[in-house]
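Novice: Contents are PDB, C-alpha atoms; file name query08.pdb:
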```
ATOM      1  CA  MET A   1      23.994   6.022  14.748
ATOM      2  CA  LYS A   2      27.294   6.739  12.999
ATOM      3  CA  THR A   3      29.070   4.335  15.371
ATOM      4  CA  LYS A   4      26.568   1.555  14.620
ATOM      5  CA  HIS A   5      27.108   1.973  10.877
ATOM      6  CA  THR A   6      30.881   1.907  11.318
ATOM      7  CA  ILE A   7      30.701  -1.292  13.401
ATOM      8  CA  LEU A   8      28.321  -2.887  10.908
ATOM      9  CA  LEU A   9      30.574  -2.020   7.966
ATOM     10  CA  LEU A  10      33.677  -3.293   9.790
ATOM     11  CA  GLY A  11      31.849  -6.526  10.626
ATOM     12  CA  LEU A  12      30.849  -7.039   7.002
ATOM     13  CA  LEU A  13      34.390  -6.279   5.858
ATOM     14  CA  LEU A  14      35.888  -8.785   8.296
ATOM     15  CA  CYS A  15      33.360 -11.455   7.329
ATOM     16  CA  GLY A  16      34.209 -10.913   3.683
ATOM     17  CA  CYS A  17      37.925 -11.310   4.383
ATOM     18  CA  SER A  18      37.609 -14.464   6.458
ATOM     19  CA  HIS A  19      37.193 -16.882   3.548
ATOM     20  CA  LYS A  20      39.687 -19.702   3.834
ATOM     21  CA  GLN A  21      42.106 -19.795   0.924
ATOM     22  CA  VAL A  22      42.141 -23.202  -0.763
ATOM     23  CA  THR A  23      45.566 -24.388  -1.874
ATOM     24  CA  PRO A  24      45.351 -25.733  -5.423
ATOM     25  CA  ALA A  25      46.005 -29.480  -5.547
ATOM     26  CA  ILE A  26      48.811 -28.977  -8.063
ATOM     27  CA  ASP A  27      50.741 -27.017  -5.406
ATOM     28  CA  LEU A  28      50.456 -29.924  -2.952
ATOM     29  CA  VAL A  29      52.656 -32.164  -5.115
ATOM     30  CA  GLN A  30      56.056 -31.655  -3.513
ATOM     31  CA  THR A  31      59.378 -33.451  -3.499
ATOM     32  CA  GLY A  32      60.387 -35.461  -0.471
ATOM     33  CA  THR A  33      56.872 -35.961   0.923
ATOM     34  CA  ASN A  34      54.534 -38.929   1.118
ATOM     35  CA  ALA A  35      51.152 -37.410   0.361
ATOM     36  CA  THR A  36      47.990 -39.521   0.468
ATOM     37  CA  TRP A  37      45.538 -38.858  -2.357
ATOM     38  CA  ASN A  38      42.385 -40.299  -3.825
ATOM     39  CA  PHE A  39      42.889 -41.375  -7.425
ATOM     40  CA  VAL A  40      41.081 -42.329 -10.601
ATOM     41  CA  ASP A  41      42.841 -44.709 -12.990
ATOM     42  CA  THR A  42      41.818 -43.759 -16.538
ATOM     43  CA  LEU A  43      43.393 -46.886 -18.058
ATOM     44  CA  TRP A  44      41.516 -49.523 -16.018
ATOM     45  CA  ASN A  45      38.698 -47.272 -14.810
ATOM     46  CA  LYS A  46      39.391 -47.947 -11.113
ATOM     47  CA  GLN A  47      39.581 -45.677  -8.128
ATOM     48  CA  GLY A  48      41.048 -45.811  -4.642
ATOM     49  CA  THR A  49      43.735 -44.184  -2.523
ATOM     50  CA  CYS A  50      47.435 -43.810  -3.151
ATOM     51  CA  VAL A  51      50.583 -42.486  -1.588
ATOM     52  CA  LEU A  52      52.537 -40.264  -3.973
ATOM     53  CA  GLN A  53      56.294 -39.857  -3.752
ATOM     54  CA  VAL A  54      58.220 -37.545  -6.075
ATOM     55  CA  THR A  55      61.990 -37.040  -5.973
ATOM     56  CA  GLN A  56      62.117 -34.102  -8.421
ATOM     57  CA  ARG A  57      59.767 -31.329  -9.431
ATOM     58  CA  ASP A  58      60.506 -28.480 -11.810
ATOM     59  CA  ASP A  59      57.289 -26.536 -12.389
ATOM     60  CA  THR A  60      55.079 -29.128 -14.124
ATOM     61  CA  SER A  61      57.828 -31.699 -14.795
ATOM     62  CA  LEU A  62      58.244 -34.567 -12.340
ATOM     63  CA  GLY A  63      61.006 -37.116 -11.815
ATOM     64  CA  GLY A  64      61.314 -40.243  -9.708
ATOM     65  CA  ILE A  65      57.588 -40.871  -9.390
ATOM     66  CA  ARG A  66      56.211 -43.647  -7.203
ATOM     67  CA  LEU A  67      52.513 -44.256  -6.580
ATOM     68  CA  VAL A  68      51.540 -46.922  -4.073
ATOM     69  CA  LEU A  69      47.957 -47.704  -5.059
ATOM     70  CA  LYS A  70      45.163 -49.360  -3.123
ATOM     71  CA  THR A  71      42.023 -49.758  -5.212
ATOM     72  CA  SER A  72      38.509 -49.713  -3.820
ATOM     73  CA  ASP A  73      38.342 -53.506  -4.271
ATOM     74  CA  GLY A  74      41.303 -53.938  -1.873
ATOM     75  CA  LYS A  75      44.051 -54.702  -4.394
ATOM     76  CA  GLU A  76      47.454 -53.078  -3.985
ATOM     77  CA  ALA A  77      50.028 -52.188  -6.605
ATOM     78  CA  THR A  78      52.993 -49.899  -7.161
ATOM     79  CA  LEU A  79      53.381 -47.666 -10.158
ATOM     80  CA  THR A  80      56.807 -46.161 -10.899
ATOM     81  CA  ALA A  81      58.014 -43.819 -13.618
ATOM     82  CA  ASP A  82      61.214 -41.900 -14.233
ATOM     83  CA  THR A  83      59.356 -38.856 -15.547
ATOM     84  CA  GLY A  84      55.908 -37.359 -15.687
ATOM     85  CA  THR A  85      53.982 -34.151 -16.177
ATOM     86  CA  LEU A  86      51.584 -32.342 -13.844
ATOM     87  CA  LEU A  87      48.386 -30.983 -15.316
ATOM     88  CA  PRO A  88      45.847 -28.940 -13.358
ATOM     89  CA  GLY A  89      42.259 -30.022 -12.835
ATOM     90  CA  SER A  90      40.291 -33.154 -13.565
ATOM     91  CA  VAL A  91      39.538 -34.772 -16.896
ATOM     92  CA  GLU A  92      36.093 -33.167 -16.945
ATOM     93  CA  ASN A  93      37.166 -29.741 -15.674
ATOM     94  CA  HIS A  94      40.740 -28.581 -16.178
ATOM     95  CA  ALA A  95      40.096 -25.521 -13.992
ATOM     96  CA  ASP A  96      39.063 -27.518 -10.885
ATOM     97  CA  LYS A  97      41.695 -26.653  -8.263
ATOM     98  CA  ASN A  98      40.824 -29.677  -6.108
ATOM     99  CA  PHE A  99      42.296 -32.076  -8.673
ATOM    100  CA  VAL A 100      45.638 -32.642 -10.356
ATOM    101  CA  ARG A 101      46.443 -34.974 -13.237
ATOM    102  CA  ILE A 102      49.760 -36.780 -13.512
ATOM    103  CA  ARG A 103      50.685 -37.970 -16.994
ATOM    104  CA  LEU A 104      53.191 -40.818 -17.041
ATOM    105  CA  VAL A 105      54.829 -41.622 -20.359
ATOM    106  CA  SER A 106      56.792 -44.765 -19.513
ATOM    107  CA  ALA A 107      55.625 -46.368 -16.288
ATOM    108  CA  THR A 108      55.843 -49.803 -14.705
ATOM    109  CA  TYR A 109      52.858 -51.293 -12.902
ATOM    110  CA  GLN A 110      53.757 -53.931 -10.296
ATOM    111  CA  SER A 111      51.100 -55.920  -8.440
ATOM    112  CA  ALA A 112      51.251 -59.165  -6.456
ATOM    113  CA  ASP A 113      50.699 -61.255  -9.576
ATOM    114  CA  SER A 114      51.990 -59.209 -12.511
ATOM    115  CA  ARG A 115      54.444 -56.642 -13.784
ATOM    116  CA  GLN A 116      53.597 -54.541 -16.828
ATOM    117  CA  HIS A 117      55.048 -51.659 -18.772
ATOM    118  CA  LEU A 118      52.253 -49.213 -19.456
ATOM    119  CA  PRO A 119      51.368 -47.010 -22.406
ATOM    120  CA  PRO A 120      51.005 -43.316 -21.543
ATOM    121  CA  VAL A 121      48.526 -43.060 -18.698
ATOM    122  CA  ILE A 122      46.972 -40.247 -16.698
ATOM    123  CA  TYR A 123      46.161 -40.565 -13.018
ATOM    124  CA  VAL A 124      43.708 -38.056 -11.620
ATOM    125  CA  LEU A 125      44.437 -37.233  -7.976
ATOM    126  CA  HIS A 126      42.362 -35.293  -5.488
ATOM    127  CA  GLN A 127      42.591 -34.542  -1.777
TER     128      GLN A 127
END
```
Show the structure stored in the file as C-alpha cells.
Specialist:
Amino acid sequence: MKTKHTILLLGLLLCGCSHKQVTPAIDLVQTGTNATWNFVDTLWNKQGTCVLQVTQRDDTSLGGIRLVLKTSDGKEATLTADTGTLLPGSVENHADKNFVRIRLVSATYQSADSRQHLPPVIYVLHQ
C-alpha cells in the first residue's frame, strides 16, 4: 500500500511539472531574425501577417525596424522606422504574454501606390 501511494504521489508530481513553459512574445523579438507575426494596425484598423526585422534591441528599445505587412485583404506594404519601443501585452490586456506592442514614433509607410510619414503608431503583434 505504501508503494502504491508513493507511485501515485510521484505521478501527480511529474504531471504537475510537465506544463510547457510559454515564452512571452516580447522575448521573441530578437535582432537578426525574420520572425513572422500576426498584427493589428491601430491606425487603420486592419489586421494581417507581417515579417519583423530588427537590427538593434536594448531591453525595450528597438532600432532599425522593418515590418513587411500583408493585410487580410491581400495588400502589401513596408513600414520602416529608425527607432521604436517594445511594450508587453495587447491594447486590451497589457499582461497578456502572447502579445507584444511596438510603438513607432517616426515611421514611413510604403505601399505600391503611396509613401507616407506616419504619426506615432502602435502595432500589436502576436504569434
Novice: Quick one: residues within 8 Å of A:His126, all atoms listed in the file counted, chain neighbours fewer than 4 positions away excluded, as a ChimeraX atom specification?
Specialist: /A:25,37-39,98-100
Novice: Can you work out which one of A:Pro120, A:Gly32, A:Pro24, A:Gly48 has the shortest atom-to-atom distance to A:Asp73, counting all atoms listed in the file?
Specialist: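 Distance minimum relative to A:Asp73 lands on A:Gly48.
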Novice: Between atom CA of A:Thr31 and atom CA of A:Thr55, what is the distance, to one decimal in Å?
Specialist: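 Straight-line distance from atom CA of A:Thr31 to atom CA of A:Thr55 works out to 5.1 Å.
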Novice: For A:Arg66, please output as a ChimeraX atom specification all residues within 9 Å (counting only C-alpha atoms; exclusion window: fewer than 6 positions along the same chain).
Specialist: /A:51-55,78-82
Novice: What is the atom CA of A:Leu69-atom CA of A:Gln47 distance in Å, reported with one decimal?
Specialist: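 Going from atom CA of A:Leu69 over to atom CA of A:Gln47, I get 9.1 Å.
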Novice: For atom CA of A:Thr60 and atom CA of A:Gly84, determine how far apart the two atoms are, in Å to one decimal place.
Specialist: 8.4 Å
Novice: Once the PyMOL selection byres ((chain A and resi 85) around 6) has been evaluated on this model, what residues remain selected, and can you format them as a PDB file with C-alpha atoms, in the coordinates of the input?
Specialist:
```pdb
ATOM      1  CA  THR A  60      55.079 -29.128 -14.124  1.00  0.00           C
ATOM      2  CA  SER A  61      57.828 -31.699 -14.795  1.00  0.00           C
ATOM      3  CA  LEU A  62      58.244 -34.567 -12.340  1.00  0.00           C
ATOM      4  CA  GLY A  84      55.908 -37.359 -15.687  1.00  0.00           C
ATOM      5  CA  LEU A  86      51.584 -32.342 -13.844  1.00  0.00           C
ATOM      6  CA  ILE A 102      49.760 -36.780 -13.512  1.00  0.00           C
ATOM      7  CA  ARG A 103      50.685 -37.970 -16.994  1.00  0.00           C
TER       8      ARG A 103
END
```
Novice: Starting from the sparse input, extend stretch 47-63 of chain A to N, CA and C atoms and give the output as a CSV table (one decimal), in the coordinates of the input.
Specialist:
```csv
chain,number,residue,atom,x,y,z
A,47,GLN,N,39.3,-46.8,-9.0
A,47,GLN,CA,39.6,-45.7,-8.1
A,47,GLN,C,40.0,-46.2,-6.8
A,48,GLY,N,40.6,-45.4,-6.0
A,48,GLY,CA,41.0,-45.8,-4.6
A,48,GLY,C,41.9,-44.7,-4.0
A,49,THR,N,42.8,-45.1,-3.2
A,49,THR,CA,43.7,-44.2,-2.5
A,49,THR,C,45.2,-44.5,-2.9
A,50,CYS,N,46.0,-43.6,-2.8
A,50,CYS,CA,47.4,-43.8,-3.2
A,50,CYS,C,48.3,-42.9,-2.3
A,51,VAL,N,49.6,-43.3,-2.2
A,51,VAL,CA,50.6,-42.5,-1.6
A,51,VAL,C,51.5,-42.1,-2.7
A,52,LEU,N,51.7,-40.8,-2.9
A,52,LEU,CA,52.5,-40.3,-4.0
A,52,LEU,C,53.9,-39.8,-3.4
A,53,GLN,N,54.9,-40.3,-4.1
A,53,GLN,CA,56.3,-39.9,-3.8
A,53,GLN,C,56.9,-39.3,-5.0
A,54,VAL,N,57.6,-38.2,-4.9
A,54,VAL,CA,58.2,-37.5,-6.1
A,54,VAL,C,59.6,-37.1,-5.6
A,55,THR,N,60.6,-37.5,-6.4
A,55,THR,CA,62.0,-37.0,-6.0
A,55,THR,C,62.4,-35.7,-6.6
A,56,GLN,N,61.8,-35.4,-7.7
A,56,GLN,CA,62.1,-34.1,-8.4
A,56,GLN,C,60.9,-33.4,-8.9
A,57,ARG,N,60.8,-32.1,-8.8
A,57,ARG,CA,59.8,-31.3,-9.4
A,57,ARG,C,60.3,-30.0,-9.9
A,58,ASP,N,60.1,-29.7,-11.2
A,58,ASP,CA,60.5,-28.5,-11.8
A,58,ASP,C,59.3,-28.0,-12.5
A,59,ASP,N,58.5,-27.1,-11.9
A,59,ASP,CA,57.3,-26.5,-12.4
A,59,ASP,C,56.3,-27.7,-12.6
A,60,THR,N,56.0,-28.0,-13.9
A,60,THR,CA,55.1,-29.1,-14.1
A,60,THR,C,55.8,-30.4,-14.5
A,61,SER,N,57.1,-30.5,-14.5
A,61,SER,CA,57.8,-31.7,-14.8
A,61,SER,C,58.2,-32.4,-13.5
A,62,LEU,N,58.0,-33.7,-13.5
A,62,LEU,CA,58.2,-34.6,-12.3
A,62,LEU,C,59.3,-35.6,-12.7
A,63,GLY,N,60.0,-36.0,-11.7
A,63,GLY,CA,61.0,-37.1,-11.8
A,63,GLY,C,60.9,-38.0,-10.6
```
